[in-house]
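Asks: Dropping a structure here in structure tokens format, bear with me for questions.
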Amino acid sequence: MNYHIISDIPFITKAEMMEVDRLMVEKFKISLIQMMENAGRNLAILARDLFFNGDVYNKKILVLSGHGANGGGALVSARHLINWGANVHVIISKDEEKFTGAPKIQLEILKNMRAQIVQFNQIKNNLSTELIIEGLIGYSLNGNPKGTLKDIIEFANDLPVNKLSLDVPAGIDLSVCKAMKPTFLADVVLTLALPKESMKDEEIKKYIKQLYLADISVPSSLYKLLPSKLSISNIFSESEIVKIW
């Protein structure tokens with residue numbers, strides 16, 4: 001599928017995106033789980049369209065999930081892909097007990113579906129996949145990935161398959177506009193609401209070969225409440241997903 005390309009879309013800072021998230025919940029009463037559902041469904045759609053020509057039946061897909069909101073979106077994508085017939089394995093970066101709130105709900109849904117969910121230290125050496133979907137941390141990273149997060153990124157980078165990240169590839173620290181070590185080597189990134197300012201930096205763009213944007217139902221009037229008072233309209237009038245580059 002050829003997605004509509006928008007080249008003149010405004011970019012926002014990490015601080016502004018955090019304010020968007022806050023206003024969505026506190027002022028507009030759009031819950032985190034609603035945003036998570038929109039993000040994850042669009043992530044699954046993009047995976048199906050870009051990498052499998054619209055049909056994921058019997059395709060092997062590996063989903064990497066953290067325990068935060070970004071991970072919750074990845075878990076939603078796993079659910080949709082399973083429902084569409086894909087053979088999905090989910091690797092979670094934390095013990096199940098670390099999942100709380102909306103991400104915990106998404107994990108419980110997958111467990112009730114009897115999805116294949118394992119922690120990183122439980123994976124088998126013969127695990128094969130045709131696509132990796134990464135939702136490990138999003139824009140909240142500060143500093144180099146460590147511990148299990150570091151191990152998962154290095155493991156995934158060594159697999160010679162296509163890679164799709166949700167919002168921001170794990171390892172990119174938007175606060176300092178830098179790709180840390182290691183950084184997930186995404187072929188495609190699906191960012192949310194609006195693209196992030198740091199993504200225009202030439203060093204960061206090396207890790208974002210293709211950038212898409214997904215609608216998570218942010219009201220246009222919300223952007224006018226930001227310090228930059230953005231006037232946003234009709235970005236997603238033709239599709240819930242558009243292409244930035």
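By convention here, the chains of the structure tokens are called A, B, ... in the order presented, each chain's residues are numbered starting at 1, and ligands are numbered starting at 1 in the order presented.
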If we count only C-alpha atoms, what is near segment 90-106 of chain A at a cut-off of 9 Å, once residues fewer than 2 positions away on the same chain are taken out, given as a PyMOL selection string?

Replies: chain A and resi 32-33+36+61-73+75-76+78-79+88+108-111+115-120+122-123+136+148-149+152

Asks: Mind checking which residues fall within 7 Å of segment 183-187 of chain A, counting only C-alpha atoms, ignoring those fewer than 4 positions away in the same chain, and posting them as number ranges by chain?

Replies: A: 153, 157, 162-165, 169-172, 179, 207-210

Asks: For C-alpha atoms, I'd like the residues from the last selection saved as a CSV table (one decimal), in the first residue's frame.

Replies:
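File out_37.csv, as written:
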chain,number,residue,atom,x,y,z
A,153,ILE,CA,18.4,-4.8,21.5
A,157,ASN,CA,20.0,-6.2,15.8
A,162,ASN,CA,13.1,-6.3,8.7
A,163,LYS,CA,12.5,-4.3,11.9
A,164,LEU,CA,9.7,-1.9,12.8
A,165,SER,CA,9.7,0.4,15.8
A,169,PRO,CA,13.6,3.2,18.2
A,170,ALA,CA,14.9,1.9,21.5
A,171,GLY,CA,18.2,3.5,22.3
A,172,ILE,CA,17.5,7.0,20.9
A,179,ALA,CA,21.5,7.5,19.5
A,207,TYR,CA,18.4,5.1,12.6
A,208,ILE,CA,15.1,6.0,11.0
A,209,LYS,CA,15.2,5.0,7.3
A,210,GLN,CA,11.5,5.4,6.8

Asks: Based on the backbone DSSP call, show me all residues of segment 50-233 of chain A assigned alpha helix (DSSP H), as a ChimeraX atom specification.

Replies: /A:50-52,69-83,101-112,147-157,202-205,220-223

Asks: Write to file, as a tab-separated table (two decimals), in the first residue's frame, the residues of the selection just made, with N, CA and C atoms.

Replies:
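The result, stored in again-v3.tsv:
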chain	number	residue	atom	x	y	z
A	50	LEU	N	3.19	-3.09	4.86
A	50	LEU	CA	4.54	-2.83	4.33
A	50	LEU	C	5.34	-4.10	4.09
A	51	PHE	N	5.22	-5.05	5.00
A	51	PHE	CA	6.13	-6.20	4.97
A	51	PHE	C	5.51	-7.50	4.47
A	52	PHE	N	4.18	-7.55	4.41
A	52	PHE	CA	3.53	-8.82	4.02
A	52	PHE	C	2.44	-8.62	2.98
A	69	ALA	N	4.03	2.33	28.40
A	69	ALA	CA	3.00	2.59	27.39
A	69	ALA	C	3.44	2.14	26.00
A	70	ASN	N	4.71	2.33	25.67
A	70	ASN	CA	5.22	1.88	24.38
A	70	ASN	C	5.07	0.37	24.24
A	71	GLY	N	5.40	-0.35	25.30
A	71	GLY	CA	5.24	-1.80	25.29
A	71	GLY	C	3.78	-2.20	25.16
A	72	GLY	N	2.90	-1.44	25.81
A	72	GLY	CA	1.48	-1.74	25.69
A	72	GLY	C	0.98	-1.63	24.26
A	73	GLY	N	1.46	-0.63	23.53
A	73	GLY	CA	1.11	-0.50	22.12
A	73	GLY	C	1.59	-1.68	21.31
A	74	ALA	N	2.81	-2.15	21.60
A	74	ALA	CA	3.35	-3.32	20.90
A	74	ALA	C	2.51	-4.56	21.19
A	75	LEU	N	2.04	-4.69	22.44
A	75	LEU	CA	1.20	-5.84	22.80
A	75	LEU	C	-0.14	-5.79	22.06
A	76	VAL	N	-0.68	-4.60	21.90
A	76	VAL	CA	-1.92	-4.46	21.12
A	76	VAL	C	-1.68	-4.92	19.68
A	77	SER	N	-0.55	-4.54	19.10
A	77	SER	CA	-0.25	-4.96	17.73
A	77	SER	C	-0.15	-6.48	17.64
A	78	ALA	N	0.43	-7.10	18.67
A	78	ALA	CA	0.53	-8.55	18.69
A	78	ALA	C	-0.85	-9.20	18.66
A	79	ARG	N	-1.79	-8.64	19.45
A	79	ARG	CA	-3.14	-9.19	19.47
A	79	ARG	C	-3.79	-9.15	18.09
A	80	HIS	N	-3.69	-8.00	17.42
A	80	HIS	CA	-4.30	-7.88	16.09
A	80	HIS	C	-3.65	-8.85	15.09
A	81	LEU	N	-2.34	-8.93	15.14
A	81	LEU	CA	-1.64	-9.81	14.20
A	81	LEU	C	-2.00	-11.28	14.44
A	82	ILE	N	-2.15	-11.66	15.70
A	82	ILE	CA	-2.59	-13.02	16.01
A	82	ILE	C	-3.99	-13.25	15.46
A	83	ASN	N	-4.87	-12.26	15.65
A	83	ASN	CA	-6.24	-12.40	15.15
A	83	ASN	C	-6.28	-12.50	13.63
A	101	GLY	N	-1.20	-1.02	35.28
A	101	GLY	CA	-2.08	-0.16	34.50
A	101	GLY	C	-2.47	-0.73	33.15
A	102	ALA	N	-2.52	0.15	32.15
A	102	ALA	CA	-2.94	-0.25	30.81
A	102	ALA	C	-2.04	-1.31	30.18
A	103	PRO	N	-0.70	-1.22	30.29
A	103	PRO	CA	0.13	-2.29	29.74
A	103	PRO	C	-0.17	-3.65	30.37
A	104	LYS	N	-0.45	-3.67	31.65
A	104	LYS	CA	-0.80	-4.94	32.31
A	104	LYS	C	-2.08	-5.52	31.72
A	105	ILE	N	-3.05	-4.65	31.46
A	105	ILE	CA	-4.30	-5.11	30.84
A	105	ILE	C	-4.02	-5.76	29.49
A	106	GLN	N	-3.17	-5.11	28.69
A	106	GLN	CA	-2.86	-5.66	27.37
A	106	GLN	C	-2.14	-7.00	27.48
A	107	LEU	N	-1.26	-7.12	28.46
A	107	LEU	CA	-0.56	-8.38	28.67
A	107	LEU	C	-1.54	-9.47	29.11
A	108	GLU	N	-2.47	-9.14	29.98
A	108	GLU	CA	-3.46	-10.10	30.45
A	108	GLU	C	-4.35	-10.57	29.31
A	109	ILE	N	-4.70	-9.68	28.40
A	109	ILE	CA	-5.51	-10.06	27.24
A	109	ILE	C	-4.77	-11.12	26.42
A	110	LEU	N	-3.48	-10.87	26.16
A	110	LEU	CA	-2.71	-11.83	25.38
A	110	LEU	C	-2.57	-13.16	26.10
A	111	LYS	N	-2.40	-13.11	27.41
A	111	LYS	CA	-2.32	-14.37	28.17
A	111	LYS	C	-3.63	-15.14	28.08
A	112	ASN	N	-4.76	-14.43	28.13
A	112	ASN	CA	-6.05	-15.09	27.99
A	112	ASN	C	-6.25	-15.68	26.61
A	147	GLY	N	21.36	-3.63	31.03
A	147	GLY	CA	20.76	-4.87	31.49
A	147	GLY	C	20.02	-5.62	30.39
A	148	THR	N	18.84	-6.10	30.73
A	148	THR	CA	18.06	-6.90	29.78
A	148	THR	C	17.68	-6.10	28.55
A	149	LEU	N	17.37	-4.82	28.73
A	149	LEU	CA	17.03	-3.97	27.58
A	149	LEU	C	18.17	-3.95	26.57
A	150	LYS	N	19.38	-3.75	27.05
A	150	LYS	CA	20.57	-3.78	26.18
A	150	LYS	C	20.70	-5.13	25.48
A	151	ASP	N	20.51	-6.21	26.23
A	151	ASP	CA	20.67	-7.56	25.66
A	151	ASP	C	19.63	-7.82	24.57
A	152	ILE	N	18.40	-7.37	24.77
A	152	ILE	CA	17.35	-7.60	23.78
A	152	ILE	C	17.65	-6.82	22.51
A	153	ILE	N	18.08	-5.58	22.64
A	153	ILE	CA	18.39	-4.77	21.46
A	153	ILE	C	19.52	-5.41	20.65
A	154	GLU	N	20.58	-5.85	21.33
A	154	GLU	CA	21.70	-6.47	20.63
A	154	GLU	C	21.27	-7.78	19.97
A	155	PHE	N	20.45	-8.55	20.64
A	155	PHE	CA	19.93	-9.80	20.08
A	155	PHE	C	19.13	-9.52	18.82
A	156	ALA	N	18.24	-8.54	18.88
A	156	ALA	CA	17.39	-8.22	17.73
A	156	ALA	C	18.20	-7.66	16.57
A	157	ASN	N	19.18	-6.82	16.87
A	157	ASN	CA	19.99	-6.23	15.80
A	157	ASN	C	20.78	-7.28	15.02
A	202	GLU	N	20.46	14.86	11.68
A	202	GLU	CA	21.07	13.93	10.72
A	202	GLU	C	21.59	12.67	11.39
A	203	GLU	N	22.10	12.77	12.60
A	203	GLU	CA	22.59	11.58	13.31
A	203	GLU	C	21.44	10.64	13.66
A	204	ILE	N	20.31	11.21	14.08
A	204	ILE	CA	19.14	10.40	14.43
A	204	ILE	C	18.53	9.78	13.18
A	205	LYS	N	18.51	10.52	12.08
A	205	LYS	CA	17.88	10.02	10.85
A	205	LYS	C	18.59	8.78	10.31
A	220	SER	N	-7.60	18.21	17.26
A	220	SER	CA	-6.83	19.33	16.69
A	220	SER	C	-6.76	20.50	17.65
A	221	SER	N	-7.81	20.71	18.42
A	221	SER	CA	-7.85	21.84	19.34
A	221	SER	C	-6.83	21.69	20.47
A	222	LEU	N	-6.40	20.45	20.75
A	222	LEU	CA	-5.41	20.25	21.80
A	222	LEU	C	-4.09	20.93	21.46
A	223	TYR	N	-3.68	20.84	20.21
A	223	TYR	CA	-2.38	21.39	19.82
A	223	TYR	C	-2.32	22.90	20.03

Asks: Take atom CA of Glu19 of chain A and atom CA of Leu230 of chain A and report the distance between them in Å, one decimal.

Replies: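 Distance reported for this atom pair: 13.0 Å.
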
Asks: Please, which residues of segment 64-147 of chain A, numbered as in this document, come out strand (DSSP E) from DSSP, as JSON, numbers by chain?

Replies: {"A": [64, 65, 87, 88, 89, 90, 91, 92, 116, 117, 118, 119, 131, 132, 133, 134, 135]}

Asks: Let's have the selection written as a short mmCIF file (atom, residue, chain, number, x, y, z; two decimals), in the first residue's frame, with C-alpha atoms.

Replies:
data_model
loop_
_atom_site.label_atom_id
_atom_site.label_comp_id
_atom_site.auth_asym_id
_atom_site.auth_seq_id
_atom_site.Cartn_x
_atom_site.Cartn_y
_atom_site.Cartn_z
CA LEU A 64 9.48 -6.97 21.71
CA SER A 65 7.61 -5.32 24.57
CA ASN A 87 2.42 -16.76 14.23
CA VAL A 88 3.49 -14.26 16.89
CA HIS A 89 6.06 -14.64 19.65
CA VAL A 90 6.21 -11.92 22.31
CA ILE A 91 9.35 -11.21 24.33
CA ILE A 92 8.76 -9.04 27.41
CA GLN A 116 3.30 -17.17 23.09
CA ILE A 117 4.86 -14.86 25.69
CA VAL A 118 8.32 -15.34 27.17
CA GLN A 119 10.95 -13.35 28.99
CA LEU A 131 9.75 -9.36 11.13
CA ILE A 132 10.62 -7.79 14.48
CA ILE A 133 8.25 -5.24 15.99
CA GLU A 134 9.92 -3.21 18.72
CA GLY A 135 8.07 -1.43 21.53
#

Asks: For the atom pair atom CA of Gly143 of chain A and atom CA of Glu16 of chain A, what is the interatomic distance in Å to one decimal place?

Replies: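 According to the coordinates, atom CA of Gly143 of chain A and atom CA of Glu16 of chain A are separated by 20.1 Å.
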
Asks: State, in Å with one decimal place, the distance from atom CA of Asn2 of chain A to atom CA of Glu197 of chain A.

Replies: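 Separation between atom CA of Asn2 of chain A and atom CA of Glu197 of chain A: 24.8 Å.
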
Asks: Neighbours of Met199 of chain A within 12 Å (only C-alpha atoms; same-chain residues fewer than 6 positions away dropped), as a PyMOL selection string?

Replies: chain A and resi 10-14+139+167-169+172-179+189-191+205-212+244-245

Asks: With N, CA and C atoms retained, could you export that selection as a tab-separated table (two decimals), in the first residue's frame?

Replies:
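out-v6.tsv, freshly written:
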chain	number	residue	atom	x	y	z
A	10	PRO	N	4.39	19.74	11.02
A	10	PRO	CA	5.23	20.27	12.11
A	10	PRO	C	5.79	19.17	13.00
A	11	PHE	N	6.96	19.39	13.54
A	11	PHE	CA	7.59	18.48	14.50
A	11	PHE	C	7.47	19.12	15.89
A	12	ILE	N	7.39	18.28	16.93
A	12	ILE	CA	7.28	18.80	18.28
A	12	ILE	C	8.40	18.24	19.17
A	13	THR	N	8.69	18.92	20.24
A	13	THR	CA	9.73	18.48	21.15
A	13	THR	C	9.22	17.36	22.06
A	14	LYS	N	10.16	16.71	22.72
A	14	LYS	CA	9.79	15.68	23.69
A	14	LYS	C	8.90	16.25	24.79
A	139	TYR	N	9.88	7.22	23.88
A	139	TYR	CA	10.65	8.46	24.01
A	139	TYR	C	11.13	8.74	25.43
A	167	ASP	N	6.98	4.48	17.66
A	167	ASP	CA	7.23	5.84	18.14
A	167	ASP	C	8.68	6.27	17.99
A	168	VAL	N	9.60	5.64	18.72
A	168	VAL	CA	11.03	5.98	18.65
A	168	VAL	C	11.83	4.69	18.82
A	169	PRO	N	12.82	4.42	17.98
A	169	PRO	CA	13.62	3.21	18.17
A	169	PRO	C	14.28	3.18	19.55
A	172	ILE	N	17.37	5.55	21.30
A	172	ILE	CA	17.48	6.96	20.95
A	172	ILE	C	16.98	7.80	22.11
A	173	ASP	N	17.84	8.67	22.60
A	173	ASP	CA	17.51	9.56	23.71
A	173	ASP	C	17.16	10.93	23.12
A	174	LEU	N	15.87	11.24	23.08
A	174	LEU	CA	15.43	12.49	22.47
A	174	LEU	C	15.82	13.71	23.31
A	175	SER	N	16.07	13.50	24.60
A	175	SER	CA	16.43	14.63	25.46
A	175	SER	C	17.76	15.25	25.05
A	176	VAL	N	18.69	14.42	24.59
A	176	VAL	CA	20.01	14.91	24.20
A	176	VAL	C	20.25	14.77	22.70
A	177	CYS	N	19.19	14.34	21.99
A	177	CYS	CA	19.25	14.19	20.53
A	177	CYS	C	20.43	13.30	20.12
A	178	LYS	N	20.43	12.09	20.67
A	178	LYS	CA	21.57	11.20	20.44
A	178	LYS	C	21.11	9.75	20.39
A	179	ALA	N	21.73	8.98	19.49
A	179	ALA	CA	21.54	7.53	19.47
A	179	ALA	C	22.54	6.93	20.44
A	189	VAL	N	9.97	3.30	11.22
A	189	VAL	CA	9.47	3.78	12.51
A	189	VAL	C	8.07	4.32	12.31
A	190	LEU	N	7.15	3.91	13.17
A	190	LEU	CA	5.81	4.49	13.20
A	190	LEU	C	5.71	5.36	14.44
A	191	THR	N	5.83	6.67	14.26
A	191	THR	CA	5.72	7.57	15.40
A	191	THR	C	4.27	7.99	15.57
A	205	LYS	N	18.51	10.52	12.08
A	205	LYS	CA	17.88	10.02	10.85
A	205	LYS	C	18.59	8.78	10.31
A	206	LYS	N	19.84	8.58	10.71
A	206	LYS	CA	20.55	7.36	10.30
A	206	LYS	C	19.86	6.11	10.83
A	207	TYR	N	19.12	6.26	11.92
A	207	TYR	CA	18.45	5.13	12.56
A	207	TYR	C	16.96	5.09	12.24
A	208	ILE	N	16.52	6.00	11.38
A	208	ILE	CA	15.11	6.03	10.98
A	208	ILE	C	15.05	6.13	9.47
A	209	LYS	N	15.17	5.00	8.81
A	209	LYS	CA	15.24	4.99	7.35
A	209	LYS	C	13.94	5.45	6.71
A	210	GLN	N	12.82	4.97	7.27
A	210	GLN	CA	11.51	5.39	6.82
A	210	GLN	C	10.69	5.80	8.04
A	211	LEU	N	10.02	6.94	7.95
A	211	LEU	CA	9.24	7.44	9.08
A	211	LEU	C	7.78	7.59	8.68
A	212	TYR	N	6.92	6.94	9.45
A	212	TYR	CA	5.47	7.04	9.27
A	212	TYR	C	4.87	7.65	10.53
A	244	ILE	N	6.09	10.30	6.39
A	244	ILE	CA	6.86	11.56	6.52
A	244	ILE	C	8.06	11.54	5.59
A	245	TRP	N	8.82	10.44	5.59
A	245	TRP	CA	9.89	10.23	4.61
A	245	TRP	C	10.14	8.75	4.40

Asks: So, counting only C-alpha atoms, which residue among A:Ser237, A:Thr129, A:Ser7, A:Ser198 is closest to Ala86 of chain A?

Replies: A:Thr129

Asks: Just checking: using only C-alpha atoms, which residue out of A:Val25, A:Val242, A:Met17, A:Met1 ends up closest to Arg48 of chain A?

Replies: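 Closest to Arg48 of chain A, using only C-alpha atoms: A:Met1.
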